[in-house]
Amino acid sequence: MADQYAVIGLGRFGISIANKLFESGQEVLGIDVNEEKVEDSHPYVTHSVIADSTDAEALKSVGIRNFDTVIVAIGNDIQASILSVLLLKEQGVKKVIAKALNKLHGQVLKKVGADWVVFPDWDMGIRVAHQLLSPNVLNFIELSKDYSVEEVKIPEKMVYKTLRELDLRSEYNINVIAIRHDNEIDISPSADKKIDHGDVLVVIGENRDLERFANLE
Ligand code: ATP
């Protein structure tokens, strides 16, 4: 069965989350105080309603506690975002995700019960800087301060070699967990797998080793 999500605040951030969930077959209720935002959201959500999430009664009347996850995508009105998280947790929503504009806002959201606080501007800034520093890295997930998983464009000099010949484990101290070519993905590729033009390696390792590998010409 599809999970039930509610997204409060149908600005660019809220709509982008709602749309991705909806496209993946999940049930998404969009909520906004602004009638126009609610109307514009129709193509991107299962249903949408006009409601003020700082009003406990309004939240009750949309049956908010029946949703598995509620995303508070209100940013600029910090007071409304904090109050909304507080009410959602009071009404028993299990998982509340909230967008923070800055560190202090994030700390308060955590204090009032947000299960996960996201900092979209900050995170995107890090992504852009990362991309500038390592243009071969298409995507990355930080596993901890020191370790990451990265998608790295294969350097030309490695094309037509097998994973065994490249021996990235001893040369760079990193492990290849998958190879992607366009939309095809080979998970746990064999040592005899030959690297082709346009291949992207999904590698895991320590950040300084990954950086050395990703900056090869
Ligand atoms: P984005 O940066 O995501 O485009 P934005 O700049 O449009 O957002 P925000 O202040 O972050 O503005 O608000 C996002 C949405 O949240 C707006 O559409 C706004 O109408 C809605 N919103 C603000 N307060 C409430 C509230 N109390 N209840 C429901 N929706 C709200």
# chains A, B, ... in the order shown; residues from 1 in each chain; ligands from 1
>>> residues_around(residues="Glu27 in chain A", least_positions_apart="4", cutoff="7 Å", atoms="only C-alpha atoms", output="MDAnalysis selection string")
chainID A and resid 2:5 22 46
>>> write_last_selection(atoms="N, CA, C and O atoms", output="PDB file, in the first residue's frame")
ATOM      1  N   ALA A   2       0.380   2.280  -0.688  1.00  0.00           N
ATOM      2  CA  ALA A   2       1.158   3.523  -0.742  1.00  0.00           C
ATOM      3  C   ALA A   2       1.176   4.183   0.637  1.00  0.00           C
ATOM      4  O   ALA A   2       0.217   4.070   1.393  1.00  0.00           O
ATOM      5  N   ASP A   3       2.288   4.867   0.931  1.00  0.00           N
ATOM      6  CA  ASP A   3       2.350   5.629   2.184  1.00  0.00           C
ATOM      7  C   ASP A   3       1.545   6.911   2.010  1.00  0.00           C
ATOM      8  O   ASP A   3       1.336   7.386   0.908  1.00  0.00           O
ATOM      9  N   GLN A   4       1.096   7.432   3.136  1.00  0.00           N
ATOM     10  CA  GLN A   4       0.311   8.671   3.091  1.00  0.00           C
ATOM     11  C   GLN A   4       1.182   9.831   3.578  1.00  0.00           C
ATOM     12  O   GLN A   4       1.672   9.806   4.702  1.00  0.00           O
ATOM     13  N   TYR A   5       1.341  10.817   2.706  1.00  0.00           N
ATOM     14  CA  TYR A   5       2.146  11.985   3.048  1.00  0.00           C
ATOM     15  C   TYR A   5       1.286  13.242   3.003  1.00  0.00           C
ATOM     16  O   TYR A   5       0.368  13.333   2.186  1.00  0.00           O
ATOM     17  N   PHE A  22       4.453  11.984  -5.320  1.00  0.00           N
ATOM     18  CA  PHE A  22       3.242  11.671  -6.101  1.00  0.00           C
ATOM     19  C   PHE A  22       3.614  10.863  -7.345  1.00  0.00           C
ATOM     20  O   PHE A  22       2.997   9.835  -7.648  1.00  0.00           O
ATOM     21  N   THR A  46      -2.115  14.334  -4.859  1.00  0.00           N
ATOM     22  CA  THR A  46      -3.336  13.535  -4.962  1.00  0.00           C
ATOM     23  C   THR A  46      -4.559  14.421  -4.666  1.00  0.00           C
ATOM     24  O   THR A  46      -5.544  14.408  -5.387  1.00  0.00           O
TER      25      THR A  46
END
>>> residues_near_ligand(ligand="ligand 1", cutoff="9 Å", atoms="only C-alpha atoms and all ligand atoms", output="VMD selection string")
chain A and resid 8 to 16 31 to 38 50 to 55 72 to 81 83 to 84 99 101
>>> select_by_dssp(residues="range 103-145 of chain A", states="strand (DSSP E)", output="PyMOL selection string")
chain A and resi 116-118+137-142
>>> residues_around(residues="range 189-197 of chain A", least_positions_apart="4", cutoff="8 Å", atoms="only C-alpha atoms", output="list in words")
Ile154, Glu156, Met158, Val159, Tyr160, Lys161, Thr162, Leu163, Arg164, Ile177, Ala178 and Ile179 of chain A
>>> closest_residue(among="A:His105, A:Val200, A:Thr69, A:Ile187", to="Asn139 in chain A", atoms="only C-alpha atoms")
A:Val200
